[in-house]
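The structure appears below as structure tokens.
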Amino acid sequence: GAGVSQSPSNKVTEKGKDVELRCDPISGHTALYWYRQSLGQGLEFLIYFQGNSAPDKSGLPSDRFSAERTGGSVSTLTIQRTQQEDSAVYLCASSLGLAGTNEQFFGPGTRLTVL
Amino acid sequence: AQSVTQPDIHITVSEGASLELRCNYSYGATPYLFWYVQSPGQGLQLLLKYFSGDTLVQGIKGFEAEFKRSQSSFNLRKPSVHWSDAAEYFCAVGASGGYQKVTFGIGTKLQVIP
């Protein structure tokens, strides 16, 4: 079946504009994660969804960042009033559910460039 | 808080040579440990994982890793590297129990020379 998909693959925006990044998880995966990958920084956890609720938002770097998930499926990460330091690759992953042993499957990422 | 250290940012090996990528973790209990690979332009792919049991774990593409609790290490090894192994490798630690909040290391970029 299809893997995790993300759109757009690349996004270039101007400082101060809002952007929306989309993630389509693997069908049937109830857990969904967002990460940010910055050059030289590794992967940074942003937020975790179980179903439509987000029990862990601890990684969101500021209140300009928000995410939602609808229908237990698609998730959108929104960044308001983008700043240059938001430039990074945003990765989405999904897994079968709550168990910590479940493998996370990653999407190809969205490369965000803020000019 | 859990953390992962990958001390080598960049490693170069010759094709056919053996490989060891180092990973040290910090976690208060028995961790879940992972190695992921990210090829250029690709998403992350799970190479192998350790949850419990045998401390020597076999993964895909001929990789293996050994969990050493006394050293808080989970080093990745491959006896003979192929040019296609050139990629970035990430070690990660997750909390045992509960959902899988994973903390990743900074990554090790592997270059393979002919």
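Ordered as shown in the structure tokens, chains take letters A, B, and onward, while each chain numbers its residues from 1 and ligands are numbered from 1 in the order shown.
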Give me, as an MDAnalysis selection string, all polymer residues having an atom no more than 9 Å from Tyr89 in chain B, counting only C-alpha atoms and skipping those fewer than 3 positions away in the same chain. chainID B and resid 21 35:39 44 106:110
Using 10 Å as the limit and counting only C-alpha atoms, can you tabulate each residue of chain B that touches chain A, with its shortest atom-to-atom distance in Å and the two atoms involved, as JSON lines?
```
{"residue": "B:Ile9", "atom": "CA", "partner": "A:Gly40", "partner_atom": "CA", "distance": 8.9}
{"residue": "B:Tyr32", "atom": "CA", "partner": "A:Thr101", "partner_atom": "CA", "distance": 7.6}
{"residue": "B:Leu33", "atom": "CA", "partner": "A:Thr101", "partner_atom": "CA", "distance": 9.8}
{"residue": "B:Phe34", "atom": "CA", "partner": "A:Glu103", "partner_atom": "CA", "distance": 9.4}
{"residue": "B:Gln38", "atom": "CA", "partner": "A:Pro108", "partner_atom": "CA", "distance": 9.8}
{"residue": "B:Gly41", "atom": "CA", "partner": "A:Pro108", "partner_atom": "CA", "distance": 7.4}
{"residue": "B:Gln42", "atom": "CA", "partner": "A:Pro108", "partner_atom": "CA", "distance": 5.7}
{"residue": "B:Gly43", "atom": "CA", "partner": "A:Pro108", "partner_atom": "CA", "distance": 4.2}
{"residue": "B:Leu44", "atom": "CA", "partner": "A:Phe106", "partner_atom": "CA", "distance": 5.7}
{"residue": "B:Gln45", "atom": "CA", "partner": "A:Phe106", "partner_atom": "CA", "distance": 7.1}
{"residue": "B:Leu46", "atom": "CA", "partner": "A:Glu103", "partner_atom": "CA", "distance": 7.7}
{"residue": "B:Leu48", "atom": "CA", "partner": "A:Glu103", "partner_atom": "CA", "distance": 9.8}
{"residue": "B:Lys49", "atom": "CA", "partner": "A:Glu103", "partner_atom": "CA", "distance": 8.7}
{"residue": "B:Tyr50", "atom": "CA", "partner": "A:Thr101", "partner_atom": "CA", "distance": 9.0}
{"residue": "B:Phe51", "atom": "CA", "partner": "A:Thr101", "partner_atom": "CA", "distance": 7.1}
{"residue": "B:Phe90", "atom": "CA", "partner": "A:Gly42", "partner_atom": "CA", "distance": 8.1}
{"residue": "B:Ala92", "atom": "CA", "partner": "A:Leu43", "partner_atom": "CA", "distance": 9.6}
{"residue": "B:Gly94", "atom": "CA", "partner": "A:Gly100", "partner_atom": "CA", "distance": 7.4}
{"residue": "B:Ala95", "atom": "CA", "partner": "A:Gly100", "partner_atom": "CA", "distance": 7.1}
{"residue": "B:Ser96", "atom": "CA", "partner": "A:Gly100", "partner_atom": "CA", "distance": 6.2}
{"residue": "B:Gly97", "atom": "CA", "partner": "A:Gly100", "partner_atom": "CA", "distance": 5.8}
{"residue": "B:Gly98", "atom": "CA", "partner": "A:Gly100", "partner_atom": "CA", "distance": 5.7}
{"residue": "B:Tyr99", "atom": "CA", "partner": "A:Leu98", "partner_atom": "CA", "distance": 4.8}
{"residue": "B:Gln100", "atom": "CA", "partner": "A:Gly100", "partner_atom": "CA", "distance": 4.3}
{"residue": "B:Lys101", "atom": "CA", "partner": "A:Gly100", "partner_atom": "CA", "distance": 7.9}
{"residue": "B:Val102", "atom": "CA", "partner": "A:Phe45", "partner_atom": "CA", "distance": 7.5}
{"residue": "B:Thr103", "atom": "CA", "partner": "A:Phe45", "partner_atom": "CA", "distance": 7.2}
{"residue": "B:Phe104", "atom": "CA", "partner": "A:Leu43", "partner_atom": "CA", "distance": 5.8}
{"residue": "B:Gly105", "atom": "CA", "partner": "A:Gly42", "partner_atom": "CA", "distance": 6.1}
{"residue": "B:Ile106", "atom": "CA", "partner": "A:Gly42", "partner_atom": "CA", "distance": 3.9}
{"residue": "B:Gly107", "atom": "CA", "partner": "A:Gly42", "partner_atom": "CA", "distance": 6.0}
{"residue": "B:Thr108", "atom": "CA", "partner": "A:Gly42", "partner_atom": "CA", "distance": 9.5}
```
Neighbouring residues of Gln84 in chain A were defined as those with any atom within 10 Å, considering only C-alpha atoms; residues of the same chain fewer than 4 positions away were excluded. Please report them as a list in words. Thr13, Glu14, Lys15, Gly16, Ala88, Leu112, Thr113, Val114 and Leu115 of chain A
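Proximity to Asn24 in chain B at 7 Å, evaluated using only C-alpha atoms and with sequence-adjacent residues fewer than 4 positions away removed, yields B:Val4, B:Thr5, B:Gln6, B:Ser72, B:Ser73, B:Phe74.
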Any chance you can output those residues with N, CA, C and O atoms as a short mmCIF file (atom, residue, chain, number, x, y, z; two decimals), in the first residue's frame?
```
data_model
loop_
_atom_site.label_atom_id
_atom_site.label_comp_id
_atom_site.auth_asym_id
_atom_site.auth_seq_id
_atom_site.Cartn_x
_atom_site.Cartn_y
_atom_site.Cartn_z
N VAL B 4 20.47 11.36 22.90
CA VAL B 4 21.29 10.49 22.06
C VAL B 4 22.50 11.29 21.59
O VAL B 4 22.36 12.43 21.16
N THR B 5 23.65 10.65 21.63
CA THR B 5 24.87 11.28 21.14
C THR B 5 25.46 10.42 20.03
O THR B 5 25.70 9.23 20.23
N GLN B 6 25.66 11.05 18.89
CA GLN B 6 26.40 10.41 17.81
C GLN B 6 27.67 11.23 17.63
O GLN B 6 27.62 12.33 17.07
N SER B 72 25.97 2.13 27.82
CA SER B 72 24.90 2.98 27.26
C SER B 72 25.13 3.21 25.78
O SER B 72 25.04 4.34 25.27
N SER B 73 25.43 2.13 25.09
CA SER B 73 25.75 2.27 23.67
C SER B 73 24.89 1.35 22.81
O SER B 73 24.38 0.32 23.28
N PHE B 74 24.78 1.73 21.58
CA PHE B 74 24.02 0.93 20.59
C PHE B 74 24.67 1.20 19.24
O PHE B 74 24.13 1.87 18.37
#
```
Selection near Ala67 in chain A, 10 Å with only C-alpha atoms, sequence-local residues under 5 positions removed, as number ranges by chain: A: 20-22, 34, 46-49, 54, 57, 60, 75-79
Keeping all heavy atoms for every residue in the selection just given, could you write it to a file as a compact mmCIF listing (two decimals), in the first residue's frame?
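The file below, again_11.txt, is the result:
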```
# COMPACT_ATOMS: atom_id res chain seq x y z
N GLU A 20 1.02 26.21 5.26
CA GLU A 20 0.38 24.98 5.73
C GLU A 20 1.07 23.79 5.07
O GLU A 20 1.25 23.76 3.86
CB GLU A 20 -1.10 24.95 5.35
CG GLU A 20 -1.98 25.84 6.19
CD GLU A 20 -3.45 25.61 5.92
OE1 GLU A 20 -3.79 24.86 4.99
OE2 GLU A 20 -4.27 26.19 6.67
N LEU A 21 1.45 22.85 5.90
CA LEU A 21 2.10 21.64 5.42
C LEU A 21 1.17 20.47 5.71
O LEU A 21 0.61 20.36 6.80
CB LEU A 21 3.44 21.43 6.13
CG LEU A 21 4.37 22.66 6.19
CD1 LEU A 21 5.66 22.30 6.92
CD2 LEU A 21 4.66 23.20 4.82
N ARG A 22 1.07 19.57 4.74
CA ARG A 22 0.08 18.50 4.85
C ARG A 22 0.76 17.14 4.96
O ARG A 22 1.80 16.91 4.32
CB ARG A 22 -0.83 18.52 3.63
CG ARG A 22 -1.87 17.41 3.57
CD ARG A 22 -2.59 17.42 2.24
NE ARG A 22 -3.40 16.22 2.05
CZ ARG A 22 -4.72 16.19 2.16
NH1 ARG A 22 -5.41 17.29 2.44
NH2 ARG A 22 -5.38 15.05 1.97
N TRP A 34 5.01 14.76 13.95
CA TRP A 34 5.69 15.76 13.16
C TRP A 34 7.07 16.01 13.76
O TRP A 34 7.22 16.14 14.98
CB TRP A 34 4.93 17.08 13.15
CG TRP A 34 3.74 17.13 12.22
CD1 TRP A 34 2.44 16.95 12.56
CD2 TRP A 34 3.76 17.41 10.82
NE1 TRP A 34 1.63 17.09 11.45
CE2 TRP A 34 2.42 17.37 10.36
CE3 TRP A 34 4.76 17.68 9.89
CZ2 TRP A 34 2.06 17.60 9.04
CZ3 TRP A 34 4.41 17.91 8.57
CH2 TRP A 34 3.07 17.87 8.16
N LEU A 46 8.21 17.58 17.20
CA LEU A 46 7.31 18.73 17.32
C LEU A 46 6.04 18.38 18.06
O LEU A 46 5.69 19.01 19.07
CB LEU A 46 6.98 19.29 15.94
CG LEU A 46 8.14 19.83 15.11
CD1 LEU A 46 7.64 20.30 13.75
CD2 LEU A 46 8.84 20.96 15.83
N ILE A 47 5.29 17.38 17.55
CA ILE A 47 3.98 17.09 18.10
C ILE A 47 3.60 15.65 17.76
O ILE A 47 4.06 15.09 16.77
CB ILE A 47 2.93 18.07 17.55
CG1 ILE A 47 1.58 17.91 18.25
CG2 ILE A 47 2.78 17.94 16.05
CD1 ILE A 47 0.58 19.03 17.92
N TYR A 48 2.77 15.08 18.62
CA TYR A 48 2.29 13.71 18.45
C TYR A 48 0.77 13.70 18.51
O TYR A 48 0.18 14.33 19.38
CB TYR A 48 2.89 12.83 19.54
CG TYR A 48 2.09 11.59 19.89
CD1 TYR A 48 2.00 10.52 19.00
CD2 TYR A 48 1.44 11.48 21.11
CE1 TYR A 48 1.29 9.39 19.32
CE2 TYR A 48 0.72 10.35 21.44
CZ TYR A 48 0.65 9.31 20.54
OH TYR A 48 -0.06 8.17 20.86
N PHE A 49 0.16 12.98 17.59
CA PHE A 49 -1.28 12.78 17.58
C PHE A 49 -1.60 11.31 17.81
O PHE A 49 -0.95 10.42 17.25
CB PHE A 49 -1.88 13.16 16.22
CG PHE A 49 -1.99 14.64 15.98
CD1 PHE A 49 -0.98 15.32 15.33
CD2 PHE A 49 -3.12 15.33 16.39
CE1 PHE A 49 -1.08 16.69 15.09
CE2 PHE A 49 -3.24 16.69 16.15
CZ PHE A 49 -2.21 17.37 15.51
N ALA A 54 -4.03 15.54 20.39
CA ALA A 54 -2.58 15.71 20.47
C ALA A 54 -2.14 15.72 21.93
O ALA A 54 -2.06 16.78 22.54
CB ALA A 54 -2.16 16.99 19.77
N LYS A 57 2.32 18.12 22.74
CA LYS A 57 2.66 19.22 21.84
C LYS A 57 3.95 19.88 22.30
O LYS A 57 4.26 21.00 21.90
CB LYS A 57 1.56 20.29 21.85
CG LYS A 57 0.18 19.79 21.58
CD LYS A 57 -0.84 20.94 21.69
CE LYS A 57 -2.25 20.46 21.54
NZ LYS A 57 -3.24 21.55 21.65
N LEU A 60 6.56 21.88 19.95
CA LEU A 60 6.25 23.05 19.11
C LEU A 60 7.07 24.23 19.62
O LEU A 60 6.98 24.59 20.79
CB LEU A 60 4.77 23.36 19.16
CG LEU A 60 3.84 22.32 18.54
CD1 LEU A 60 2.39 22.72 18.69
CD2 LEU A 60 4.19 22.06 17.08
N SER A 75 -3.20 15.25 8.52
CA SER A 75 -2.78 16.26 9.48
C SER A 75 -2.19 17.46 8.75
O SER A 75 -1.56 17.31 7.70
CB SER A 75 -1.73 15.69 10.43
OG SER A 75 -1.26 16.70 11.32
N THR A 76 -2.42 18.63 9.33
CA THR A 76 -1.88 19.86 8.78
C THR A 76 -1.06 20.57 9.85
O THR A 76 -1.53 20.77 10.97
CB THR A 76 -3.00 20.80 8.31
OG1 THR A 76 -3.82 20.12 7.36
CG2 THR A 76 -2.43 22.06 7.67
N LEU A 77 0.15 20.93 9.49
CA LEU A 77 1.01 21.74 10.36
C LEU A 77 1.00 23.15 9.80
O LEU A 77 1.31 23.35 8.62
CB LEU A 77 2.43 21.18 10.38
CG LEU A 77 3.47 21.97 11.20
CD1 LEU A 77 3.16 21.85 12.69
CD2 LEU A 77 4.88 21.45 10.91
N THR A 78 0.61 24.10 10.63
CA THR A 78 0.53 25.49 10.20
C THR A 78 1.57 26.32 10.92
O THR A 78 1.73 26.21 12.15
CB THR A 78 -0.87 26.08 10.48
OG1 THR A 78 -1.85 25.29 9.80
CG2 THR A 78 -0.96 27.52 10.01
N ILE A 79 2.28 27.11 10.15
CA ILE A 79 3.24 28.04 10.73
C ILE A 79 2.78 29.44 10.34
O ILE A 79 2.69 29.79 9.16
CB ILE A 79 4.67 27.81 10.22
CG1 ILE A 79 5.06 26.33 10.38
CG2 ILE A 79 5.65 28.69 10.98
CD1 ILE A 79 6.40 25.98 9.74
```
Separation of CA of His10 in chain B from CA of Ala29 in chain B, in Å and rounded to one decimal: 29.7 Å
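We find CA of Val89 in chain A and CA of Arg69 in chain A to be spaced 19.7 Å apart.
You will find CA of Gly28 in chain B at 28.2 Å from CA of Ser62 in chain A.
Proximity ranking of B:Thr55, B:Thr30, B:Gln111, B:Ser3 relative to Ser84 in chain B places B:Gln111 first, based on only C-alpha atoms.
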Output as a ChimeraX atom specification all residues of chain B that backbone DSSP marks as strand (DSSP E). /B:3-5,10-14,19-21,24-26,32-38,44-50,56-58,64-68,73-78,87-94,102-104,108-113
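For chain B, backbone-based DSSP assignment of helix (DSSP H, G or I) covers Ile60, Lys61, Gly62, Arg69, Ser70, Gln71, Trp83, Ser84 and Asp85 of chain B.
The smallest atom-to-atom distance between Arg36 in chain A and any of A:Gly59, A:Ser53, A:Thr70, A:Ser7, using only C-alpha atoms, is found for A:Gly59.
Shortest separation to Asn10 in chain A among A:Asn52, A:Ser87, A:Ser94, A:Ser58 occurs at residue A:Ser87, atoms counted being only C-alpha atoms.
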